[in-house]
>>> print(open('protein-v7.cif').read())   # mmCIF, C-alpha atoms
data_upload
#
loop_
_atom_site.group_PDB
_atom_site.id
_atom_site.type_symbol
_atom_site.label_atom_id
_atom_site.label_comp_id
_atom_site.auth_asym_id
_atom_site.auth_seq_id
_atom_site.Cartn_x
_atom_site.Cartn_y
_atom_site.Cartn_z
ATOM 1 C CA MET A 1 33.710 104.314 67.411
ATOM 2 C CA ARG A 2 33.458 101.381 65.056
ATOM 3 C CA SER A 3 32.251 101.708 61.525
ATOM 4 C CA LEU A 4 29.408 99.709 60.001
ATOM 5 C CA SER A 5 28.326 99.683 56.400
ATOM 6 C CA ILE A 6 24.605 99.421 55.759
ATOM 7 C CA ILE A 7 22.549 99.429 52.482
ATOM 8 C CA VAL A 8 19.073 101.014 52.534
ATOM 9 C CA GLY A 9 16.411 99.691 50.202
ATOM 10 C CA LEU A 10 13.321 97.562 50.073
ATOM 11 C CA ALA A 11 12.889 94.419 48.040
ATOM 12 C CA ILE A 12 9.419 93.004 47.519
ATOM 13 C CA THR A 13 9.184 89.540 46.016
ATOM 14 C CA ALA A 14 6.289 87.099 45.874
ATOM 15 C CA GLY A 15 4.262 89.014 48.429
ATOM 16 C CA SER A 16 6.980 89.201 51.082
ATOM 17 C CA CYS A 17 9.221 92.074 51.942
ATOM 18 C CA SER A 18 12.812 92.046 52.995
ATOM 19 C CA THR A 19 14.725 95.142 53.870
ATOM 20 C CA VAL A 20 18.321 95.584 52.962
ATOM 21 C CA VAL A 21 19.998 98.668 54.323
ATOM 22 C CA ALA A 22 23.142 100.424 52.995
ATOM 23 C CA SER A 23 25.232 103.473 53.781
ATOM 24 C CA ASP A 24 28.255 104.069 55.949
ATOM 25 C CA ILE A 25 27.432 104.689 59.571
ATOM 26 C CA THR A 26 29.412 104.673 62.763
ATOM 27 C CA ARG A 27 28.151 103.210 66.013
ATOM 28 C CA PRO A 28 29.762 103.812 69.390
ATOM 29 C CA ALA A 29 31.896 100.999 70.783
ATOM 30 C CA LYS A 30 30.705 101.939 74.292
ATOM 31 C CA PRO A 31 27.131 101.586 75.573
ATOM 32 C CA TRP A 32 24.797 104.296 74.367
ATOM 33 C CA ALA A 33 24.379 107.393 76.519
ATOM 34 C CA SER A 34 20.745 108.183 77.337
ATOM 35 C CA SER A 35 21.084 111.580 75.668
ATOM 36 C CA ASP A 36 22.355 109.980 72.433
ATOM 37 C CA VAL A 37 19.503 107.473 72.327
ATOM 38 C CA GLU A 38 16.970 110.232 72.964
ATOM 39 C CA ALA A 39 18.585 112.449 70.287
ATOM 40 C CA ILE A 40 18.366 109.667 67.685
ATOM 41 C CA LYS A 41 14.749 108.870 68.589
ATOM 42 C CA ASN A 42 13.845 112.582 68.442
ATOM 43 C CA ALA A 43 15.552 112.949 65.041
ATOM 44 C CA VAL A 44 13.576 109.990 63.671
ATOM 45 C CA VAL A 45 10.328 111.423 65.041
ATOM 46 C CA SER A 46 11.198 114.847 63.596
ATOM 47 C CA GLY A 47 11.765 113.243 60.194
ATOM 48 C CA ILE A 48 8.392 111.488 60.378
ATOM 49 C CA LEU A 49 6.757 114.749 61.445
ATOM 50 C CA LEU A 50 8.499 116.733 58.692
ATOM 51 C CA SER A 51 7.290 114.338 56.003
ATOM 52 C CA ARG A 52 3.748 114.611 57.407
ATOM 53 C CA ILE A 53 3.763 118.434 57.485
ATOM 54 C CA HIS A 54 5.510 118.713 54.094
ATOM 55 C CA PRO A 55 4.478 115.673 52.019
ATOM 56 C CA GLU A 56 6.016 117.316 48.963
ATOM 57 C CA LEU A 57 9.425 116.421 50.442
ATOM 58 C CA THR A 58 8.650 112.735 49.985
ATOM 59 C CA ARG A 59 8.128 113.345 46.262
ATOM 60 C CA ASP A 60 11.166 115.596 45.727
ATOM 61 C CA PRO A 61 14.146 113.449 44.631
ATOM 62 C CA GLU A 62 16.625 115.916 46.151
ATOM 63 C CA ALA A 63 14.851 115.823 49.528
ATOM 64 C CA GLN A 64 14.111 112.086 49.655
ATOM 65 C CA ALA A 65 17.627 110.855 50.453
ATOM 66 C CA PRO A 66 18.340 113.286 53.324
ATOM 67 C CA LEU A 67 14.851 112.734 54.764
ATOM 68 C CA TRP A 68 15.311 108.945 54.586
ATOM 69 C CA ARG A 69 18.689 109.222 56.354
ATOM 70 C CA ILE A 70 17.040 111.081 59.228
ATOM 71 C CA GLN A 71 14.006 108.785 59.464
ATOM 72 C CA SER A 72 16.097 105.611 59.341
ATOM 73 C CA LEU A 73 18.670 106.644 61.965
ATOM 74 C CA PHE A 74 17.358 103.931 64.281
ATOM 75 C CA VAL A 75 19.390 101.376 62.265
ATOM 76 C CA LEU A 76 22.230 102.574 64.489
ATOM 77 C CA PHE A 77 20.511 100.516 67.206
ATOM 78 C CA LEU A 78 20.737 97.292 65.174
ATOM 79 C CA GLY A 79 21.769 94.377 67.370
ATOM 80 C CA SER A 80 21.866 96.379 70.594
ATOM 81 C CA ASN A 81 20.622 94.870 73.833
ATOM 82 C CA ASP A 82 20.961 98.145 75.723
ATOM 83 C CA ASP A 83 17.802 98.881 77.734
ATOM 84 C CA LYS A 84 17.699 102.550 76.641
ATOM 85 C CA VAL A 85 17.934 101.519 72.987
ATOM 86 C CA LEU A 86 15.251 98.847 73.362
ATOM 87 C CA THR A 87 12.933 101.372 75.030
ATOM 88 C CA ALA A 88 13.469 103.852 72.179
ATOM 89 C CA LEU A 89 12.776 101.149 69.567
ATOM 90 C CA GLY A 90 9.600 100.188 71.395
ATOM 91 C CA ASP A 91 8.529 103.834 71.613
ATOM 92 C CA LEU A 92 8.925 104.288 67.845
ATOM 93 C CA ASN A 93 6.083 101.780 67.372
ATOM 94 C CA SER A 94 3.642 104.440 68.557
ATOM 95 C CA TYR A 95 4.332 106.698 65.540
ATOM 96 C CA ARG A 96 2.590 106.393 62.187
ATOM 97 C CA THR A 97 5.103 105.020 59.682
ATOM 98 C CA ASP A 98 4.488 103.384 56.356
ATOM 99 C CA GLY A 99 6.199 101.657 53.474
ATOM 100 C CA ALA A 100 9.921 101.104 53.624
ATOM 101 C CA LEU A 101 10.314 102.911 56.955
ATOM 102 C CA SER A 102 7.753 100.632 58.625
ATOM 103 C CA GLU A 103 9.402 97.536 57.206
ATOM 104 C CA LEU A 104 12.865 98.710 58.249
ATOM 105 C CA LEU A 105 11.671 99.382 61.812
ATOM 106 C CA ARG A 106 10.100 95.918 61.954
ATOM 107 C CA CYS A 107 13.306 94.298 60.716
ATOM 108 C CA VAL A 108 15.497 96.076 63.258
ATOM 109 C CA GLN A 109 13.075 94.979 65.991
ATOM 110 C CA VAL A 110 12.996 91.370 64.767
ATOM 111 C CA GLN A 111 16.777 91.306 65.024
ATOM 112 C CA ALA A 112 16.960 92.951 68.452
ATOM 113 C CA GLY A 113 18.331 90.836 71.278
ATOM 114 C CA PRO A 114 16.266 88.517 73.467
ATOM 115 C CA ALA A 115 15.666 91.210 76.105
ATOM 116 C CA TYR A 116 13.535 93.076 73.562
ATOM 117 C CA GLN A 117 10.711 90.521 73.751
ATOM 118 C CA ALA A 118 10.221 91.288 77.455
ATOM 119 C CA LYS A 119 10.405 95.035 76.725
ATOM 120 C CA LEU A 120 7.651 94.712 74.104
ATOM 121 C CA LYS A 121 5.448 92.765 76.507
ATOM 122 C CA ARG A 122 5.935 95.424 79.210
ATOM 123 C CA LEU A 123 4.980 98.159 76.712
ATOM 124 C CA LEU A 124 1.938 96.134 75.713
ATOM 125 C CA ASP A 125 0.863 95.621 79.321
ATOM 126 C CA ALA A 126 1.437 99.277 80.214
ATOM 127 C CA GLY A 127 -0.331 100.561 77.101
ATOM 128 C CA SER A 128 2.149 103.441 77.229
ATOM 129 C CA ASN A 129 2.116 105.364 73.938
ATOM 130 C CA ASP A 130 5.164 107.633 73.598
ATOM 131 C CA CYS A 131 3.704 109.525 70.654
ATOM 132 C CA GLN A 132 0.521 110.481 72.479
ATOM 133 C CA ARG A 133 2.673 112.127 75.174
ATOM 134 C CA ASN A 134 4.248 114.323 72.442
ATOM 135 C CA SER A 135 1.821 117.214 71.903
ATOM 136 C CA THR A 136 3.323 118.293 68.556
ATOM 137 C CA ALA A 137 3.130 114.767 67.152
ATOM 138 C CA THR A 138 -0.420 114.332 68.438
ATOM 139 C CA ALA A 139 -1.513 117.628 66.872
ATOM 140 C CA LYS A 140 -0.037 116.661 63.488
ATOM 141 C CA GLY A 141 -1.720 113.256 63.387
ATOM 142 C CA ILE A 142 1.352 111.026 63.359
ATOM 143 C CA CYS A 143 0.367 109.045 66.458
ATOM 144 C CA LEU A 144 -1.197 105.636 66.331
ATOM 145 C CA SER A 145 -4.313 105.181 68.426
ATOM 146 C CA SER A 146 -3.980 103.012 71.521
ATOM 147 C CA THR A 147 -5.528 100.099 69.618
ATOM 148 C CA GLU A 148 -3.243 100.567 66.577
ATOM 149 C CA PHE A 149 -0.223 100.795 68.884
ATOM 150 C CA LYS A 150 -1.226 97.611 70.701
ATOM 151 C CA ASN A 151 -1.760 95.840 67.354
ATOM 152 C CA ARG A 152 1.638 96.954 66.080
ATOM 153 C CA LEU A 153 3.335 95.651 69.230
ATOM 154 C CA LEU A 154 1.500 92.338 68.808
ATOM 155 C CA GLU A 155 2.666 92.162 65.159
ATOM 156 C CA VAL A 156 6.288 92.706 66.189
ATOM 157 C CA ILE A 157 6.011 90.077 68.942
ATOM 158 C CA GLU A 158 4.453 87.682 66.409
ATOM 159 C CA SER A 159 7.228 88.391 63.874
ATOM 160 C CA ARG A 160 9.846 87.676 66.520
ATOM 161 C CA THR A 161 8.249 84.436 67.764
ATOM 162 C CA SER A 162 7.144 83.027 64.393
ATOM 163 C CA GLY A 163 10.591 83.145 62.903
ATOM 164 C CA ARG A 164 9.396 85.527 60.178
ATOM 165 C CA ARG A 165 12.673 86.992 59.044
ATOM 166 C CA CYS A 166 13.908 89.939 57.114
ATOM 167 C CA GLU A 167 17.397 91.092 56.433
ATOM 168 C CA VAL A 168 19.174 94.213 57.511
ATOM 169 C CA GLU A 169 22.654 93.487 56.305
ATOM 170 C CA PRO A 170 25.634 95.179 57.942
#
>>> encode(input="protein-v7.cif", output="C-alpha cells")
Amino acid sequence: MRSLSIIVGLAITAGSCSTVVASDITRPAKPWASSDVEAIKNAVVSGILLSRIHPELTRDPEAQAPLWRIQSLFVLFLGSNDDKVLTALGDLNSYRTDGALSELLRCVQVQAGPAYQAKLKRLLDAGSNDCQRNSTATAKGICLSSTEFKNRLLEVIESRTSGRRCEVEP
C-alpha cells in the first residue's frame, strides 16, 4: 500500500468552486479488487443514505467529520484508470448528492483517466441508473430520475471536454 495525503474542503471564489481535499489515506499499489471497489461504492452510498434518513447528522459537528469521511471515500479512486473504478465512479452519478460532496465527485471525475470519457458515454447510451436498481435507495428518495442522471453525465462530460478544472490535491 502507498500512502497519499489529501485535504478535504471546498473553496468558492468569484462564482466558481474548486475542491481541495485533505486527510491521510492509503491506496493499494496493486489494481483494485472488484470486492474492494464495490465496498467503497457501497460505503459512499450508505453515507448518502444515512444523511438522508438522519439529516440531523449533517448539522451535528461531532457527526459531520465521520459522515464526510464515509461519503468522500471515492477520493481513493483519484487518478485510477481501472475499469471497475471507472464504473463505480460513473454509478455514483445516479445518486442525489449536493454541495461539497457533489463538487468533490465532479472533480475526481474530471481528473479520471482518458478511458473514463468512453465509460461515461456508454453509461449515457445505456441509460443505466445504478441507484434505481437499489431498492433501499429508491425508497428513501436519493436516486436521480433518468433525466437528472442523464443531465449529470452530460455535465461531467462537458466539464471534462471544456477544460473546466478543479483541484483535488494529493
>>> closest_atom_pairs(input="protein-v7.cif", of="segment 48-109 of chain A", to="segment 116-137 of chain A", cutoff="10 Å", atoms="all atoms listed in the file", output="CSV")
residue,atom,partner,partner_atom,distance
A:Ile48,CA,A:Ala137,CA,9.2
A:Leu49,CA,A:Ala137,CA,6.8
A:Arg52,CA,A:Ala137,CA,9.8
A:Ser80,CA,A:Tyr116,CA,9.4
A:Asn81,CA,A:Tyr116,CA,7.3
A:Asp82,CA,A:Tyr116,CA,9.2
A:Asp83,CA,A:Tyr116,CA,8.3
A:Val85,CA,A:Tyr116,CA,9.5
A:Leu86,CA,A:Tyr116,CA,6.0
A:Thr87,CA,A:Lys119,CA,7.0
A:Ala88,CA,A:Asp130,CA,9.2
A:Leu89,CA,A:Tyr116,CA,9.0
A:Gly90,CA,A:Leu120,CA,6.4
A:Asp91,CA,A:Asp130,CA,5.4
A:Leu92,CA,A:Asp130,CA,7.6
A:Asn93,CA,A:Asn129,CA,8.5
A:Ser94,CA,A:Cys131,CA,5.5
A:Tyr95,CA,A:Cys131,CA,5.9
A:Arg96,CA,A:Cys131,CA,9.1
A:Gln109,CA,A:Tyr116,CA,7.8
>>> write_last_selection(input="protein-v7.cif", atoms="C-alpha atoms", output="short mmCIF file (atom, residue, chain, number, x, y, z; two decimals), in the coordinates of the input")
data_model
loop_
_atom_site.label_atom_id
_atom_site.label_comp_id
_atom_site.auth_asym_id
_atom_site.auth_seq_id
_atom_site.Cartn_x
_atom_site.Cartn_y
_atom_site.Cartn_z
CA ILE A 48 8.39 111.49 60.38
CA LEU A 49 6.76 114.75 61.44
CA ARG A 52 3.75 114.61 57.41
CA SER A 80 21.87 96.38 70.59
CA ASN A 81 20.62 94.87 73.83
CA ASP A 82 20.96 98.14 75.72
CA ASP A 83 17.80 98.88 77.73
CA VAL A 85 17.93 101.52 72.99
CA LEU A 86 15.25 98.85 73.36
CA THR A 87 12.93 101.37 75.03
CA ALA A 88 13.47 103.85 72.18
CA LEU A 89 12.78 101.15 69.57
CA GLY A 90 9.60 100.19 71.40
CA ASP A 91 8.53 103.83 71.61
CA LEU A 92 8.93 104.29 67.84
CA ASN A 93 6.08 101.78 67.37
CA SER A 94 3.64 104.44 68.56
CA TYR A 95 4.33 106.70 65.54
CA ARG A 96 2.59 106.39 62.19
CA GLN A 109 13.08 94.98 65.99
#
>>> closest_residue(input="protein-v7.cif", among="A:Phe77, A:Ser145, A:Ser46, A:Gln64", to="Pro31 of chain A", atoms="all atoms listed in the file")
A:Phe77
>>> resolve_selection(input="protein-v7.cif", expression="the PyMOL selection byres ((chain A and resi 106) around 12)", output="number ranges by chain")
A: 17-19, 72, 74-75, 78, 89-90, 92-93, 97-105, 107-112, 152-160, 164-168
>>> closest_residue(input="protein-v7.cif", among="A:Trp32, A:Ile70, A:Glu148, A:Ala115", to="Val45 of chain A", atoms="only C-alpha atoms")
A:Ile70
>>> atom_distance(input="protein-v7.cif", atom1="atom CA of Thr138 of chain A", atom2="atom CA of Glu62 of chain A")
28.1 Å
>>> closest_residue(input="protein-v7.cif", among="A:Thr58, A:Gln71, A:Lys84, A:Cys143", to="Val37 of chain A", atoms="all atoms listed in the file")
A:Lys84
>>> decode(input="protein-v7.cif", residues="segment 103-128 of chain A", atoms="N, CA and C atoms", output="PDB file, in the first residue's frame")
ATOM      1  N   GLU A 103     -19.470  18.504  -5.666  1.00  0.00           N
ATOM      2  CA  GLU A 103     -18.310  19.137  -6.283  1.00  0.00           C
ATOM      3  C   GLU A 103     -17.088  18.223  -6.217  1.00  0.00           C
ATOM      4  N   LEU A 104     -16.901  17.539  -5.110  1.00  0.00           N
ATOM      5  CA  LEU A 104     -15.773  16.620  -4.983  1.00  0.00           C
ATOM      6  C   LEU A 104     -15.893  15.474  -5.983  1.00  0.00           C
ATOM      7  N   LEU A 105     -17.092  14.915  -6.126  1.00  0.00           N
ATOM      8  CA  LEU A 105     -17.310  13.835  -7.095  1.00  0.00           C
ATOM      9  C   LEU A 105     -17.003  14.331  -8.510  1.00  0.00           C
ATOM     10  N   ARG A 106     -17.470  15.533  -8.837  1.00  0.00           N
ATOM     11  CA  ARG A 106     -17.197  16.081 -10.165  1.00  0.00           C
ATOM     12  C   ARG A 106     -15.695  16.237 -10.392  1.00  0.00           C
ATOM     13  N   CYS A 107     -14.988  16.730  -9.392  1.00  0.00           N
ATOM     14  CA  CYS A 107     -13.550  16.940  -9.534  1.00  0.00           C
ATOM     15  C   CYS A 107     -12.798  15.623  -9.740  1.00  0.00           C
ATOM     16  N   VAL A 108     -13.151  14.615  -8.980  1.00  0.00           N
ATOM     17  CA  VAL A 108     -12.492  13.314  -9.138  1.00  0.00           C
ATOM     18  C   VAL A 108     -12.757  12.779 -10.546  1.00  0.00           C
ATOM     19  N   GLN A 109     -13.972  12.989 -11.046  1.00  0.00           N
ATOM     20  CA  GLN A 109     -14.309  12.514 -12.393  1.00  0.00           C
ATOM     21  C   GLN A 109     -13.587  13.312 -13.482  1.00  0.00           C
ATOM     22  N   VAL A 110     -13.440  14.614 -13.275  1.00  0.00           N
ATOM     23  CA  VAL A 110     -12.730  15.449 -14.244  1.00  0.00           C
ATOM     24  C   VAL A 110     -11.283  14.978 -14.357  1.00  0.00           C
ATOM     25  N   GLN A 111     -10.725  14.523 -13.247  1.00  0.00           N
ATOM     26  CA  GLN A 111      -9.326  14.118 -13.241  1.00  0.00           C
ATOM     27  C   GLN A 111      -9.114  12.639 -13.543  1.00  0.00           C
ATOM     28  N   ALA A 112     -10.187  11.910 -13.783  1.00  0.00           N
ATOM     29  CA  ALA A 112     -10.051  10.489 -14.132  1.00  0.00           C
ATOM     30  C   ALA A 112      -9.358  10.371 -15.494  1.00  0.00           C
ATOM     31  N   GLY A 113      -8.766   9.235 -15.728  1.00  0.00           N
ATOM     32  CA  GLY A 113      -8.024   9.000 -16.964  1.00  0.00           C
ATOM     33  C   GLY A 113      -8.888   9.078 -18.207  1.00  0.00           C
ATOM     34  N   PRO A 114      -8.250   9.027 -19.374  1.00  0.00           N
ATOM     35  CA  PRO A 114      -8.957   9.177 -20.642  1.00  0.00           C
ATOM     36  C   PRO A 114     -10.007   8.092 -20.902  1.00  0.00           C
ATOM     37  N   ALA A 115      -9.837   6.921 -20.341  1.00  0.00           N
ATOM     38  CA  ALA A 115     -10.808   5.839 -20.542  1.00  0.00           C
ATOM     39  C   ALA A 115     -12.165   6.186 -19.920  1.00  0.00           C
ATOM     40  N   TYR A 116     -12.171   7.131 -18.989  1.00  0.00           N
ATOM     41  CA  TYR A 116     -13.419   7.476 -18.308  1.00  0.00           C
ATOM     42  C   TYR A 116     -14.420   8.148 -19.247  1.00  0.00           C
ATOM     43  N   GLN A 117     -13.934   8.907 -20.217  1.00  0.00           N
ATOM     44  CA  GLN A 117     -14.833   9.580 -21.157  1.00  0.00           C
ATOM     45  C   GLN A 117     -15.687   8.550 -21.902  1.00  0.00           C
ATOM     46  N   ALA A 118     -15.054   7.480 -22.356  1.00  0.00           N
ATOM     47  CA  ALA A 118     -15.787   6.417 -23.063  1.00  0.00           C
ATOM     48  C   ALA A 118     -16.764   5.724 -22.119  1.00  0.00           C
ATOM     49  N   LYS A 119     -16.369   5.535 -20.870  1.00  0.00           N
ATOM     50  CA  LYS A 119     -17.240   4.905 -19.867  1.00  0.00           C
ATOM     51  C   LYS A 119     -18.487   5.765 -19.655  1.00  0.00           C
ATOM     52  N   LEU A 120     -18.307   7.070 -19.530  1.00  0.00           N
ATOM     53  CA  LEU A 120     -19.440   7.979 -19.351  1.00  0.00           C
ATOM     54  C   LEU A 120     -20.392   7.924 -20.547  1.00  0.00           C
ATOM     55  N   LYS A 121     -19.834   7.888 -21.735  1.00  0.00           N
ATOM     56  CA  LYS A 121     -20.670   7.830 -22.941  1.00  0.00           C
ATOM     57  C   LYS A 121     -21.449   6.516 -23.002  1.00  0.00           C
ATOM     58  N   ARG A 122     -20.822   5.410 -22.589  1.00  0.00           N
ATOM     59  CA  ARG A 122     -21.535   4.126 -22.558  1.00  0.00           C
ATOM     60  C   ARG A 122     -22.674   4.166 -21.543  1.00  0.00           C
ATOM     61  N   LEU A 123     -22.425   4.753 -20.362  1.00  0.00           N
ATOM     62  CA  LEU A 123     -23.478   4.895 -19.355  1.00  0.00           C
ATOM     63  C   LEU A 123     -24.621   5.753 -19.894  1.00  0.00           C
ATOM     64  N   LEU A 124     -24.270   6.813 -20.578  1.00  0.00           N
ATOM     65  CA  LEU A 124     -25.264   7.709 -21.156  1.00  0.00           C
ATOM     66  C   LEU A 124     -26.109   6.983 -22.198  1.00  0.00           C
ATOM     67  N   ASP A 125     -25.456   6.241 -23.065  1.00  0.00           N
ATOM     68  CA  ASP A 125     -26.174   5.493 -24.106  1.00  0.00           C
ATOM     69  C   ASP A 125     -27.063   4.411 -23.511  1.00  0.00           C
ATOM     70  N   ALA A 126     -26.560   3.734 -22.475  1.00  0.00           N
ATOM     71  CA  ALA A 126     -27.314   2.639 -21.858  1.00  0.00           C
ATOM     72  C   ALA A 126     -28.460   3.162 -20.997  1.00  0.00           C
ATOM     73  N   GLY A 127     -28.297   4.376 -20.462  1.00  0.00           N
ATOM     74  CA  GLY A 127     -29.316   4.926 -19.572  1.00  0.00           C
ATOM     75  C   GLY A 127     -29.417   4.142 -18.278  1.00  0.00           C
ATOM     76  N   SER A 128     -28.385   3.359 -17.985  1.00  0.00           N
ATOM     77  CA  SER A 128     -28.369   2.504 -16.797  1.00  0.00           C
ATOM     78  C   SER A 128     -28.183   3.346 -15.542  1.00  0.00           C
TER      79      SER A 128
END
